[in-house]
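File shown: start_38.pdb (PDB, C-alpha atoms).
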```pdb
ATOM      1  CA  MET W   1     123.418  89.399-196.940
ATOM      2  CA  LEU W   2     122.083  88.415-193.516
ATOM      3  CA  LEU W   3     122.889  85.065-191.943
ATOM      4  CA  GLU W   4     120.445  82.999-189.944
ATOM      5  CA  VAL W   5     122.029  82.251-186.569
ATOM      6  CA  GLU W   6     119.860  79.850-184.586
ATOM      7  CA  THR W   7     119.456  76.940-182.246
ATOM      8  CA  LYS W   8     116.692  74.480-181.550
ATOM      9  CA  ALA W   9     115.791  72.579-178.374
ATOM     10  CA  ARG W  10     113.350  69.873-177.379
ATOM     11  CA  ILE W  11     110.544  71.025-175.096
ATOM     12  CA  ASP W  12     109.336  68.936-172.176
ATOM     13  CA  ASN W  13     106.812  71.322-170.594
ATOM     14  CA  VAL W  14     105.316  73.726-173.162
ATOM     15  CA  ALA W  15     103.070  75.584-170.677
ATOM     16  CA  LEU W  16     105.975  76.330-168.323
ATOM     17  CA  LEU W  17     108.272  77.376-171.151
ATOM     18  CA  ARG W  18     105.608  79.690-172.607
ATOM     19  CA  LYS W  19     105.202  81.337-169.186
ATOM     20  CA  ILE W  20     108.956  81.973-168.915
ATOM     21  CA  ILE W  21     109.134  83.249-172.504
ATOM     22  CA  LYS W  22     106.336  85.746-171.792
ATOM     23  CA  SER W  23     108.374  87.128-168.873
ATOM     24  CA  ILE W  24     111.351  87.978-171.143
ATOM     25  CA  ALA W  25     109.726  88.510-174.563
ATOM     26  CA  ILE W  26     106.738  90.109-176.290
ATOM     27  CA  HIS W  27     104.325  88.013-178.347
ATOM     28  CA  GLU W  28     104.633  89.008-182.010
ATOM     29  CA  LYS W  29     102.392  86.571-183.924
ATOM     30  CA  THR W  30     100.940  83.089-184.114
ATOM     31  CA  GLU W  31     100.606  81.410-187.497
ATOM     32  CA  SER W  32     100.421  78.104-189.319
ATOM     33  CA  ARG W  33     102.686  77.359-192.268
ATOM     34  CA  GLY W  34     102.748  74.660-194.893
ATOM     35  CA  ASP W  35     106.189  73.970-196.356
ATOM     36  CA  ASP W  36     106.689  71.837-199.467
ATOM     37  CA  TYR W  37     110.268  70.651-199.957
ATOM     38  CA  PHE W  38     111.661  69.822-203.389
ATOM     39  CA  ALA W  39     114.815  67.907-204.197
ATOM     40  CA  PHE W  40     116.647  66.934-207.363
ATOM     41  CA  ASN W  41     115.608  63.373-208.223
ATOM     42  CA  PRO W  42     115.741  62.339-204.530
ATOM     43  CA  LYS W  43     117.055  58.870-203.746
ATOM     44  CA  GLY W  44     117.512  58.661-200.011
ATOM     45  CA  TYR W  45     117.977  61.827-197.956
ATOM     46  CA  PRO W  46     119.063  64.609-200.358
ATOM     47  CA  LYS W  47     122.120  66.755-199.707
ATOM     48  CA  LYS W  48     120.272  69.829-200.956
ATOM     49  CA  ALA W  49     116.616  70.786-201.042
ATOM     50  CA  PHE W  50     114.522  73.944-201.040
ATOM     51  CA  ARG W  51     111.050  74.780-199.876
ATOM     52  CA  ILE W  52     107.979  76.630-201.016
ATOM     53  CA  ARG W  53     106.097  78.024-198.020
ATOM     54  CA  TYR W  54     102.453  79.045-198.013
ATOM     55  CA  ASP W  55     101.384  81.108-194.997
ATOM     56  CA  GLY W  56      97.759  81.593-196.060
ATOM     57  CA  LYS W  57      98.534  84.763-198.027
ATOM     58  CA  LYS W  58     101.613  84.283-200.179
ATOM     59  CA  TYR W  59     104.065  81.700-201.504
ATOM     60  CA  THR W  60     107.756  82.086-200.658
ATOM     61  CA  VAL W  61     110.647  80.073-202.102
ATOM     62  CA  ASN W  62     113.524  79.542-199.665
ATOM     63  CA  PHE W  63     116.829  77.703-199.672
ATOM     64  CA  LYS W  64     119.719  77.683-197.220
ATOM     65  CA  LYS W  65     123.445  77.001-197.265
ATOM     66  CA  HIS W  66     124.896  75.566-194.064
ATOM     67  CA  LEU W  67     128.001  77.456-192.922
ATOM     68  CA  LYS W  68     129.376  74.699-190.691
ATOM     69  CA  LYS W  69     132.693  76.446-190.059
ATOM     70  CA  LEU W  70     130.715  79.038-188.040
ATOM     71  CA  TRP W  71     128.790  76.474-185.954
ATOM     72  CA  LYS W  72     129.717  76.563-182.279
ATOM     73  CA  GLU W  73     128.243  75.878-178.820
ATOM     74  CA  GLY W  74     125.057  74.318-180.209
ATOM     75  CA  VAL W  75     124.323  77.356-182.402
ATOM     76  CA  VAL W  76     124.153  76.860-186.177
ATOM     77  CA  VAL W  77     124.631  79.420-188.949
ATOM     78  CA  LYS W  78     123.040  79.378-192.405
ATOM     79  CA  GLU W  79     123.028  81.648-195.430
ATOM     80  CA  GLU W  80     119.395  82.090-196.452
ATOM     81  CA  TYR W  81     117.976  83.004-199.872
ATOM     82  CA  GLU W  82     114.318  83.827-200.375
ATOM     83  CA  PHE W  83     111.895  85.263-202.920
ATOM     84  CA  GLU W  84     108.118  85.526-203.255
ATOM     85  CA  ILE W  85     105.905  84.123-205.990
ATOM     86  CA  LEU W  86     103.284  86.763-206.574
ATOM     87  CA  ASN W  87     100.485  85.053-208.492
ATOM     88  CA  ARG W  88      99.123  81.749-209.864
ATOM     89  CA  ASP W  89     100.738  82.198-213.304
ATOM     90  CA  GLN W  90     104.180  82.698-211.752
ATOM     91  CA  MET W  91     103.634  79.615-209.595
ATOM     92  CA  ARG W  92     102.606  77.492-212.595
ATOM     93  CA  ASN W  93     105.689  78.696-214.515
ATOM     94  CA  PHE W  94     107.998  78.012-211.579
ATOM     95  CA  LEU W  95     106.574  74.514-211.042
ATOM     96  CA  ALA W  96     106.966  73.786-214.772
ATOM     97  CA  LEU W  97     110.638  74.839-214.516
ATOM     98  CA  LEU W  98     111.156  72.551-211.502
ATOM     99  CA  GLU W  99     109.628  69.615-213.352
ATOM    100  CA  ASP W 100     111.771  70.286-216.425
ATOM    101  CA  LEU W 101     114.921  70.380-214.247
ATOM    102  CA  SER W 102     113.903  67.068-212.583
ATOM    103  CA  PHE W 103     113.129  68.538-209.171
ATOM    104  CA  GLU W 104     110.458  66.511-207.412
ATOM    105  CA  PRO W 105     108.134  67.120-204.473
ATOM    106  CA  TRP W 106     109.955  65.419-201.636
ATOM    107  CA  VAL W 107     108.372  66.025-198.215
ATOM    108  CA  LYS W 108     105.723  68.315-196.693
ATOM    109  CA  LYS W 109     106.127  69.981-193.311
ATOM    110  CA  ARG W 110     103.244  71.564-191.416
ATOM    111  CA  LYS W 111     104.226  73.891-188.613
ATOM    112  CA  HIS W 112     102.234  75.944-186.079
ATOM    113  CA  THR W 113     104.380  78.758-184.667
ATOM    114  CA  GLU W 114     104.162  81.186-181.757
ATOM    115  CA  SER W 115     106.742  83.977-182.236
ATOM    116  CA  TYR W 116     108.088  86.268-179.523
ATOM    117  CA  LEU W 117     110.575  89.158-179.601
ATOM    118  CA  TYR W 118     113.183  89.217-176.841
ATOM    119  CA  LYS W 119     112.717  92.395-174.767
ATOM    120  CA  LYS W 120     116.468  93.057-174.399
ATOM    121  CA  ASP W 121     117.118  92.777-178.145
ATOM    122  CA  LYS W 122     114.179  92.547-180.550
ATOM    123  CA  ARG W 123     116.418  91.033-183.243
ATOM    124  CA  VAL W 124     116.218  87.812-181.231
ATOM    125  CA  VAL W 125     113.111  85.852-182.220
ATOM    126  CA  ILE W 126     111.954  83.098-179.862
ATOM    127  CA  GLU W 127     109.545  80.530-181.286
ATOM    128  CA  ILE W 128     107.524  77.633-179.967
ATOM    129  CA  ASN W 129     107.018  75.371-182.980
ATOM    130  CA  HIS W 130     104.669  72.417-183.158
ATOM    131  CA  VAL W 131     105.549  70.358-186.233
ATOM    132  CA  LYS W 132     102.994  67.754-187.276
ATOM    133  CA  ASN W 133     104.331  64.193-186.895
ATOM    134  CA  VAL W 134     107.550  65.516-185.286
ATOM    135  CA  GLY W 135     106.743  67.287-182.006
ATOM    136  CA  THR W 136     107.191  70.641-180.263
ATOM    137  CA  TYR W 137     110.467  72.544-180.233
ATOM    138  CA  LEU W 138     111.896  75.852-179.091
ATOM    139  CA  GLU W 139     113.765  77.838-181.739
ATOM    140  CA  ILE W 140     115.808  80.968-181.120
ATOM    141  CA  GLU W 141     116.933  82.932-184.176
ATOM    142  CA  TYR W 142     118.969  86.062-184.837
ATOM    143  CA  LEU W 143     119.456  87.492-188.338
ATOM    144  CA  ALA W 144     122.992  88.846-188.418
ATOM    145  CA  LYS W 145     125.668  90.237-190.684
ATOM    146  CA  ARG W 146     128.734  88.009-190.921
ATOM    147  CA  SER W 147     130.570  90.400-188.577
ATOM    148  CA  GLU W 148     127.777  89.965-185.989
ATOM    149  CA  VAL W 149     127.741  86.156-185.779
ATOM    150  CA  SER W 150     129.606  86.082-182.462
ATOM    151  CA  LYS W 151     127.266  88.696-180.969
ATOM    152  CA  ALA W 152     124.234  86.760-182.254
ATOM    153  CA  ARG W 153     125.534  83.505-180.771
ATOM    154  CA  ASN W 154     126.082  85.163-177.397
ATOM    155  CA  LYS W 155     122.541  86.597-177.414
ATOM    156  CA  ILE W 156     121.100  83.163-178.207
ATOM    157  CA  LEU W 157     123.123  81.571-175.393
ATOM    158  CA  GLU W 158     121.894  84.335-173.058
ATOM    159  CA  VAL W 159     118.257  83.550-173.926
ATOM    160  CA  LEU W 160     118.817  79.796-173.506
ATOM    161  CA  ASN W 161     120.202  80.489-170.053
ATOM    162  CA  GLU W 162     117.250  82.717-169.104
ATOM    163  CA  LEU W 163     114.825  80.027-170.275
ATOM    164  CA  GLY W 164     116.644  77.340-168.280
ATOM    165  CA  ILE W 165     117.416  75.228-171.354
ATOM    166  CA  GLN W 166     120.139  72.671-170.673
ATOM    167  CA  GLU W 167     122.841  71.642-173.132
ATOM    168  CA  ASP W 168     121.372  68.134-173.463
ATOM    169  CA  GLN W 169     118.081  69.621-174.708
ATOM    170  CA  ILE W 170     119.741  71.271-177.749
ATOM    171  CA  ASP W 171     118.722  69.354-180.863
ATOM    172  CA  ASN W 172     119.499  70.886-184.256
ATOM    173  CA  VAL W 173     118.409  67.907-186.361
ATOM    174  CA  GLY W 174     116.226  69.309-189.149
ATOM    175  CA  TYR W 175     112.472  68.723-189.172
ATOM    176  CA  THR W 176     112.677  67.323-192.707
ATOM    177  CA  LYS W 177     115.243  64.758-191.525
ATOM    178  CA  ARG W 178     112.881  63.684-188.762
ATOM    179  CA  LEU W 179     109.967  63.391-191.204
ATOM    180  CA  TYR W 180     112.170  61.463-193.636
ATOM    181  CA  ASP W 181     113.350  59.072-190.906
ATOM    182  CA  LYS W 182     109.703  58.374-190.020
ATOM    183  CA  GLY W 183     108.791  57.806-193.666
ATOM    184  CA  ILE W 184     106.250  60.652-193.627
ATOM    185  CA  LYS W 185     106.020  62.569-196.900
ATOM    186  CA  GLY W 186     102.452  63.960-197.040
ATOM    187  CA  LYS W 187     102.705  64.279-200.839
ATOM    188  CA  LYS W 188      98.959  64.197-201.443
ATOM    189  CA  TYR W 189      98.781  67.656-199.833
ATOM    190  CA  PHE W 190     101.467  69.187-202.050
ATOM    191  CA  ILE W 191     101.214  72.599-203.703
ATOM    192  CA  THR W 192     101.863  70.914-207.062
ATOM    193  CA  ASN W 193      98.492  69.136-206.793
ATOM    194  CA  LYS W 194      96.745  72.480-206.289
ATOM    195  CA  PHE W 195      98.193  73.931-209.489
ATOM    196  CA  LYS W 196      97.690  70.973-211.821
ATOM    197  CA  LYS W 197      95.614  71.890-214.854
TER     198      LYS W 197
END
```
Rewrite the structure of this file - the entire thing - as structure tokens.
Amino acid sequence: MLLEVETKARIDNVALLRKIIKSIAIHEKTESRGDDYFAFNPKGYPKKAFRIRYDGKKYTVNFKKHLKKLWKEGVVVKEEYEFEILNRDQMRNFLALLEDLSFEPWVKKRKHTESYLYKKDKRVVIEINHVKNVGTYLEIEYLAKRSEVSKARNKILEVLNELGIQEDQIDNVGYTKRLYDKGIKGKKYFITNKFKK
């Protein structure tokens, strides 16, 4: 089981940051993603939710457990679980199960991502993320075994330093929390609408 070790920072000057990133990392891909979040009978901001992501090719279900005892120096750690839904019938069945268990579409997130691999350690992924209705953020992620969390954290701090990111720019508030606080749900664009009979 790999853990997601990551941090997120607000970006003031995207063009300058992109230039610095390109000096220390190799561009891997650019893509747009639509994430639908589901929660159990949500009243207020839910304690737990999961997402279905569509990247233009496939649907992926994802949920995360926050491992707060491992959080340190602005770097967060999460246990991530993920599986793909391979066809329309599987998606219809899965959505029927969610409805039967009282899970509801909660919020939609649309994200445009530029991904880069750090030249010194290609396990470090550097992203510039533009999230609709939220803004543009830097994310640095390292997938690590539990025994590698300290190493992963140090690599992330190294990259932050090379990019000139200051401590007061670190902002690990989730995108869904920001959308929720703004009252933006985007439900009319949900996957569930696409699969209704």
Tell me, as a short mmCIF file (atom, residue, chain, number, x, y, z; two decimals) with C-alpha atoms, in the frame of the given file, which residues lie within 12 Å of Lys182 (chain W), counting only C-alpha atoms; anything in the same chain fewer than 3 positions away does not count.
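This is the output file out-v2.cif:
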```cif
data_model
loop_
_atom_site.label_atom_id
_atom_site.label_comp_id
_atom_site.auth_asym_id
_atom_site.auth_seq_id
_atom_site.Cartn_x
_atom_site.Cartn_y
_atom_site.Cartn_z
CA TYR W 45 117.98 61.83 -197.96
CA VAL W 107 108.37 66.03 -198.22
CA LYS W 132 102.99 67.75 -187.28
CA ASN W 133 104.33 64.19 -186.90
CA VAL W 134 107.55 65.52 -185.29
CA TYR W 175 112.47 68.72 -189.17
CA THR W 176 112.68 67.32 -192.71
CA LYS W 177 115.24 64.76 -191.52
CA ARG W 178 112.88 63.68 -188.76
CA LEU W 179 109.97 63.39 -191.20
CA LYS W 185 106.02 62.57 -196.90
CA GLY W 186 102.45 63.96 -197.04
#
```
Please return the centre and edge lengths, in Å to one decimal, of a box with edges along x, y and z that contains all listed atoms of region 62-66 of chain W, widened by 4 Å on every side, as lines of an AutoDock Vina configuration file.
```
center_x = 119.2
center_y = 77.6
center_z = -196.9
size_x = 19.4
size_y = 12.0
size_z = 13.6
```
- [ ] Identify, on the basis of all atoms listed in the file, every residue whose closest approach to Asn87 (chain W) does not exceed 9 Å; exclude the query and any residue fewer than 5 positions from it along the same chain; express the result as a ChimeraX atom specification.
- [x] /W:58-59,92
TODO: Apply the PyMOL selection byres ((chain W and resi 10) around 8) to the displayed file and report the matching residues as a list in words.
DONE: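 Expected selection for the PyMOL selection byres ((chain W and resi 10) around 8) here is Lys8, Ala9, Ile11, Asp12, Thr136, Tyr137, Leu138, Gln169, Ile170 and Asp171 of chain W.
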Could you turn the residues from that selection into a file that holds C-alpha atoms, as a compact mmCIF listing (two decimals), in the frame of the given file?
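Writing the result to out31.txt gives the following:
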```
# COMPACT_ATOMS: atom_id res chain seq x y z
CA LYS W 8 116.69 74.48 -181.55
CA ALA W 9 115.79 72.58 -178.37
CA ILE W 11 110.54 71.03 -175.10
CA ASP W 12 109.34 68.94 -172.18
CA THR W 136 107.19 70.64 -180.26
CA TYR W 137 110.47 72.54 -180.23
CA LEU W 138 111.90 75.85 -179.09
CA GLN W 169 118.08 69.62 -174.71
CA ILE W 170 119.74 71.27 -177.75
CA ASP W 171 118.72 69.35 -180.86
```
Open item on the list: When you look at Asp121 (chain W) with a cut-off of 10 Å (counting only C-alpha atoms), what residues show up, excluding the ones that are within fewer than 5 positions of it in the same chain? I need them as a list of chain:residue names.
Closed with: W:Ala25, W:Tyr142, W:Lys155
Once you have the residues from the selection above, write them out as an mmCIF file, in the frame of the given file, restricted to C-alpha atoms.
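Generated output (result-v6.cif):
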```cif
data_model
loop_
_atom_site.group_PDB
_atom_site.id
_atom_site.type_symbol
_atom_site.label_atom_id
_atom_site.label_comp_id
_atom_site.auth_asym_id
_atom_site.auth_seq_id
_atom_site.Cartn_x
_atom_site.Cartn_y
_atom_site.Cartn_z
ATOM 1 C CA ALA W 25 109.726 88.510 -174.563
ATOM 2 C CA TYR W 142 118.969 86.062 -184.837
ATOM 3 C CA LYS W 155 122.541 86.597 -177.414
#
```
Open item on the list: Please report the interatomic distance between CA of Glu31 (chain W) and CA of Ile140 (chain W) in Å with one decimal.
Closed with: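 Value for the CA of Glu31 (chain W)-CA of Ile140 (chain W) distance: 16.5 Å.
Minimum atom-to-atom distances from W:Val76, W:Val125, W:Phe63, W:Gly164 to Ser150 (chain W) were compared using only C-alpha atoms, and the lowest value belongs to W:Val76.
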- [ ] Apply the PyMOL selection byres ((chain W and resi 159) around 12) to the displayed file and report the matching residues as a ChimeraX atom specification.
- [x] /W:6-8,20-21,23-25,116-122,124-127,138-142,152-158,160-166
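Selection by the PyMOL selection byres ((chain W and resi 56) around 10) on the present file picks out W:Glu31, W:Ser32, W:Arg33, W:Gly34, W:Arg53, W:Tyr54, W:Asp55, W:Lys57, W:Lys58, W:Tyr59.
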Task: Minimum-distance residue to Asn129 (chain W), chosen among W:Ser147, W:Thr30, W:Asn172, W:Asn62 (using all atoms listed in the file) - done: W:Thr30
TODO: Just the residues within 10 Å of Met91 (chain W), please, counting all atoms listed in the file, with nothing from its chain fewer than 6 positions along; format it as number ranges by chain.
DONE: W: 59, 84-85, 97, 191-192, 195
